[in-house]
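**Q** Shown below is the structure under consideration.
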Amino acid sequence: METAPQKTAQERLYSVCDYYDAESLLTDGERKVLGRLREFLDTQARPLLADYWERGEFPDQLARPLTDLDLMEPAELTGAPGAEPVPARGIYQGFRIFELARTDASLATWYTAQAGLFRTAIRVGASAEQQAEWMPRVIDFSLKGVFSLTEPESGSDIAGGLATTARREPGPDGDTWVLDGAKRWIGGAATADVLAVFARDVADGQVKAFLVDREAAGVTLEKIRGKTALRMMQNAHITLDGVRVPEARRLHNVNSFRDVAAMLRAMRSDVAWIATGIQAGAFEAALKYVTQRQQFGRPLGSFQLVQEKLARMLGNLTSSLSLVVRLTEQQAKGIYRDQDSALAKMQTSLLMRETVALAREVVGGNGITLASDVARFHADAEAVYSYEGTHEINALIVGRALTGESAFTR
């Protein structure tokens with residue numbers, strides 16, 4: 001009888017992290033691509049993270065190698081050469097986010113800014129002709145963009161509070177739109193080619209969307225400093241002062257906030273995968289620490305109270321992974337409901353908060369130092385808890401679906 005090949009320490013740790021083996025839902029090809037990503041993250045990214053997190057800078061040297069891995073629509077998953085390509089499966093895309101987030105939340109946020117937010121803006125908001133022109137460049141990162149919705153005075157109430165304006169001006173060479181306003185917390189804006197800006201049309205009061213060149217006249221970007229979470233992710237405050245955009249750069253399928261809501265419905269599932277990946281990273285770091293750290297002449301992991309916390313962390317992680325896998329399976333069938341993605345984002349983020357806190361507890365004083373990795377996950381979780389819909393907003397979306405009554409104030 002042949003014996004099974006021995007797993008490496010990292011593989012054994014990962015099998016504990018994915019306790020019910022959700023990864024078995026992937027094909028061999030998908031696992032091969034994700035293995036390529038995992039190796040890159042472990043060998044090239046992980047050694048840089050603590051230093052760059054403390055400096056509050058993004059390790060730009062990782063950007064090109066990461067995009068060169070061909071992860072968004074890997075050639076080996078999307079059809080043979082010359083054949084009609086098929087999109088990569090949603091379950092693969094979810095595990096791609098999971099892999100990134102279990103290494104670092106900023107890396108996951110940076111990648112999904114393009115592969116999730118900006119791509120969704122084009123996929124949902126662009127006309128068929130615009131998609132044919134732009135989508136291949138989005139997939140290969142030759143057109144880098146960011147999703148610019150949140151404003152200085154409007155986050156949770158952006159549907160009614162969006163204040164950036166768009167004014168249409170007819171001209172002999174085609175209509176032009178003039179944008180005025182500000183956007184805030186826009187991750188990756190400084191290195192994007194275009195900003196997908198959402199603005200309210202002064203003529204009809206409806207929300208429209210535009211691809212704005214980052215270096216266009218009237219666009220000013222300012223780095224947001226002093227953050228205590230996602231320190232590597234470069235978030236920008238954007239000012240738009242009389243910025244002119246041709247009609248051809250308007251996303252023709254965005255004509256109300258209802259169209260924006262369709263994008264958010266799809267993107268919240270990405271954030272739920274990020275919240276789940278953060279739990280995996282924090283749990284792995286804590287488990288590694290307590291099996292190596294000695295106290296009172298014994299490994300920390302031998303104490304009952306520590307084991308109870310490890311079990312709770314694993315329970316939270318396993319529950320979250322099961323939730324996002326099932327949500328992704330539903331979306332693969334074309335079932336997209338606001339309450340489904342809102343529930344997943346709300347619950348995984350809530351469990352994430354407890355998981356990273358427990359991880360910090362079992363690591364003790366060293367849990368506030370970057371050397372343990374736990375500190376990064378503990379701090380970064382606070383940003384993920386709030387973005388793409390706060391706990392309260394997502395709870396109200398679910399509550400509205402349950403009762404048929406809206407508790408929103410407007």
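Identifiers in this document derive from the order of the structure tokens: chains are assigned A, B, ..., residues are numbered from 1 separately in each chain, and ligands are numbered from 1 in order of occurrence.
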Any idea what's packed within 7 Å of Asn394 of chain A, counting only C-alpha atoms, ignoring anything in its chain fewer than 6 positions away? Could you give it as a list in words?

**A**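 With the cut-off at 7 Å, the set is Ala342, Leu343 and Met346 of chain A.
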
**Q** Could you list, as a ChimeraX atom specification, every residue within 9 Å of Gln292 of chain A, counting only C-alpha atoms and ignoring same-chain residues fewer than 6 positions away?

**A** /A:299-301

**Q** Considering only C-alpha atoms, return as an MDAnalysis selection string whatever protein or nucleic-acid residues lie within 7 Å of Asn253 of chain A, sequence-local ones (same chain, fewer than 6 positions apart) excluded.

**A** chainID A and resid 125:127

**Q** Near Leu230 of chain A, counting only C-alpha atoms, which residues have an atom at most 10 Å away, once you skip same-chain residues fewer than 4 positions from it, shown as a list in words?

**A** Trp53, Gly56, Glu57, Phe58, Asp104, Ala105, Ser106, Leu107, Thr109, Gly187, Gln234, Asn235, Arg376, Phe377, Ala379, Asp380, Ala381, Glu382, Ala383 and Val384 of chain A

**Q** From segment 206-263 of chain A, collect each residue whose DSSP state is strand (DSSP E or B) and return the set as a ChimeraX atom specification.

**A** /A:207-213,219-223,235-246,250

**Q** Residues near Leu49 of chain A, anyone? I mean within 9 Å using only C-alpha atoms, not counting same-chain ones fewer than 2 positions away, as a PyMOL selection string.

**A** chain A and resi 45-47+51-54+58-59+103-104+232+370+373+376

**Q** Compile the contact shell of Val362 of chain A as number ranges by chain: residues with an atom at most 12 Å away, counting only C-alpha atoms, same-chain residues fewer than 6 positions apart removed.

**A** A: 282-283, 285-291, 293, 295, 299-313, 355-356, 368, 372, 374-375

**Q** What would the file look like if the residues just selected were written as a compact mmCIF listing (two decimals), in the first residue's frame with C-alpha atoms?

**A**
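The file below, selection.txt, is the result:
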# COMPACT_ATOMS: atom_id res chain seq x y z
CA ALA A 282 -5.12 35.69 12.68
CA PHE A 283 -5.99 32.12 13.70
CA ALA A 285 -0.62 33.20 13.52
CA ALA A 286 -2.07 32.57 16.99
CA LEU A 287 -1.94 28.78 16.59
CA LYS A 288 1.67 28.92 15.48
CA TYR A 289 2.57 31.13 18.43
CA VAL A 290 0.93 29.03 21.17
CA THR A 291 2.53 25.83 19.90
CA ARG A 293 5.74 29.69 23.15
CA GLN A 295 5.15 29.37 29.84
CA PRO A 299 3.63 25.12 25.60
CA LEU A 300 0.91 27.77 25.80
CA GLY A 301 -1.24 25.55 23.62
CA SER A 302 -1.43 22.94 26.37
CA PHE A 303 -3.51 25.14 28.68
CA GLN A 304 -7.28 24.68 28.81
CA LEU A 305 -8.15 28.36 28.54
CA VAL A 306 -5.96 28.79 25.47
CA GLN A 307 -7.47 25.75 23.80
CA GLU A 308 -10.98 27.07 24.44
CA LYS A 309 -10.09 30.32 22.68
CA LEU A 310 -8.53 28.45 19.77
CA ALA A 311 -11.71 26.40 19.41
CA ARG A 312 -13.86 29.55 19.38
CA MET A 313 -11.63 31.12 16.74
CA THR A 355 -11.61 36.15 16.24
CA VAL A 356 -8.84 38.74 15.96
CA ILE A 368 0.54 44.12 19.97
CA SER A 372 3.61 38.11 15.60
CA VAL A 374 -1.58 39.03 14.92
CA ALA A 375 -1.25 42.79 15.50

**Q** Quick one, how far is atom CA of Ser256 of chain A from atom CA of Gln206 of chain A?

**A**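 Distance reported for this atom pair: 4.9 Å.
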
**Q** Would you kindly return, as a VMD selection string, each protein, DNA or RNA residue with an atom no farther than 12 Å from any atom of Arg258 of chain A, considering only C-alpha atoms and excluding same-chain residues fewer than 2 positions away?

**A** chain A and resid 124 to 125 159 to 160 206 to 208 253 to 256 260 to 265 338

**Q** To one decimal place, how far is atom CA of Lys223 of chain A from atom CA of Glu99 of chain A in Å?

**A**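 About the pair atom CA of Lys223 of chain A and atom CA of Glu99 of chain A: they are 27.4 Å apart.
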
**Q** DSSP says alpha helix (DSSP H) for which residues of segment 56-197 of chain A? Put them as a ChimeraX atom specification?

**A** /A:63-68,90-103,105-112,119-125,128-139,158-161

**Q** Go ahead and save the picked residues with C-alpha atoms, as a PDB file, in the first residue's frame.

**A**
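To be explicit, this is the file written out as again.pdb:
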ATOM      1  CA  ALA A  63       2.261  45.191  -7.625  1.00  0.00           C
ATOM      2  CA  ARG A  64       3.644  44.077 -10.984  1.00  0.00           C
ATOM      3  CA  PRO A  65       4.612  40.522  -9.915  1.00  0.00           C
ATOM      4  CA  LEU A  66       1.170  40.095  -8.341  1.00  0.00           C
ATOM      5  CA  THR A  67      -0.667  41.179 -11.484  1.00  0.00           C
ATOM      6  CA  ASP A  68       1.694  39.081 -13.628  1.00  0.00           C
ATOM      7  CA  GLY A  90     -17.077  32.494  -8.408  1.00  0.00           C
ATOM      8  CA  ILE A  91     -15.788  29.940  -5.898  1.00  0.00           C
ATOM      9  CA  TYR A  92     -12.289  30.354  -7.331  1.00  0.00           C
ATOM     10  CA  GLN A  93     -12.586  34.131  -7.126  1.00  0.00           C
ATOM     11  CA  GLY A  94     -13.682  33.859  -3.506  1.00  0.00           C
ATOM     12  CA  PHE A  95     -10.729  31.693  -2.544  1.00  0.00           C
ATOM     13  CA  ARG A  96      -8.415  34.087  -4.380  1.00  0.00           C
ATOM     14  CA  ILE A  97      -9.620  36.839  -2.043  1.00  0.00           C
ATOM     15  CA  PHE A  98      -9.340  34.472   0.921  1.00  0.00           C
ATOM     16  CA  GLU A  99      -5.699  33.702   0.076  1.00  0.00           C
ATOM     17  CA  LEU A 100      -4.820  37.372  -0.174  1.00  0.00           C
ATOM     18  CA  ALA A 101      -6.624  38.346   3.035  1.00  0.00           C
ATOM     19  CA  ARG A 102      -5.170  35.526   5.134  1.00  0.00           C
ATOM     20  CA  THR A 103      -1.782  37.032   4.297  1.00  0.00           C
ATOM     21  CA  ALA A 105      -5.870  42.781   4.486  1.00  0.00           C
ATOM     22  CA  SER A 106      -4.265  45.647   2.568  1.00  0.00           C
ATOM     23  CA  LEU A 107      -3.061  43.319  -0.181  1.00  0.00           C
ATOM     24  CA  ALA A 108      -6.558  41.864  -0.462  1.00  0.00           C
ATOM     25  CA  THR A 109      -8.125  45.322  -0.514  1.00  0.00           C
ATOM     26  CA  TRP A 110      -5.642  46.584  -3.108  1.00  0.00           C
ATOM     27  CA  TYR A 111      -6.259  43.641  -5.447  1.00  0.00           C
ATOM     28  CA  THR A 112     -10.044  43.631  -5.073  1.00  0.00           C
ATOM     29  CA  ARG A 119     -14.358  45.458 -12.539  1.00  0.00           C
ATOM     30  CA  THR A 120     -17.907  45.360 -11.160  1.00  0.00           C
ATOM     31  CA  ALA A 121     -18.382  49.011 -12.085  1.00  0.00           C
ATOM     32  CA  ILE A 122     -17.515  48.145 -15.693  1.00  0.00           C
ATOM     33  CA  ARG A 123     -19.366  44.826 -15.750  1.00  0.00           C
ATOM     34  CA  VAL A 124     -22.597  46.278 -14.348  1.00  0.00           C
ATOM     35  CA  GLY A 125     -22.393  49.903 -15.408  1.00  0.00           C
ATOM     36  CA  ALA A 128     -21.858  46.286 -24.226  1.00  0.00           C
ATOM     37  CA  GLU A 129     -19.681  48.443 -26.477  1.00  0.00           C
ATOM     38  CA  GLN A 130     -17.876  49.991 -23.516  1.00  0.00           C
ATOM     39  CA  GLN A 131     -17.309  46.587 -21.948  1.00  0.00           C
ATOM     40  CA  ALA A 132     -15.836  45.251 -25.173  1.00  0.00           C
ATOM     41  CA  GLU A 133     -13.358  48.135 -25.162  1.00  0.00           C
ATOM     42  CA  TRP A 134     -12.489  48.302 -21.477  1.00  0.00           C
ATOM     43  CA  MET A 135     -12.963  44.890 -19.866  1.00  0.00           C
ATOM     44  CA  PRO A 136      -9.926  43.150 -21.440  1.00  0.00           C
ATOM     45  CA  ARG A 137      -7.770  46.001 -20.172  1.00  0.00           C
ATOM     46  CA  VAL A 138      -9.310  45.757 -16.704  1.00  0.00           C
ATOM     47  CA  ILE A 139      -8.546  42.035 -16.569  1.00  0.00           C
ATOM     48  CA  ILE A 158     -24.612  57.952   0.342  1.00  0.00           C
ATOM     49  CA  ALA A 159     -27.831  56.989  -1.476  1.00  0.00           C
ATOM     50  CA  GLY A 160     -29.529  60.207  -0.431  1.00  0.00           C
ATOM     51  CA  GLY A 161     -26.525  62.273   0.589  1.00  0.00           C
TER      52      GLY A 161
END

**Q** Have a look at A:Ala266, A:Ala401, A:Leu117, A:Met233 and name the one nearest to Ala332 of chain A; count only C-alpha atoms.

**A** A:Ala266
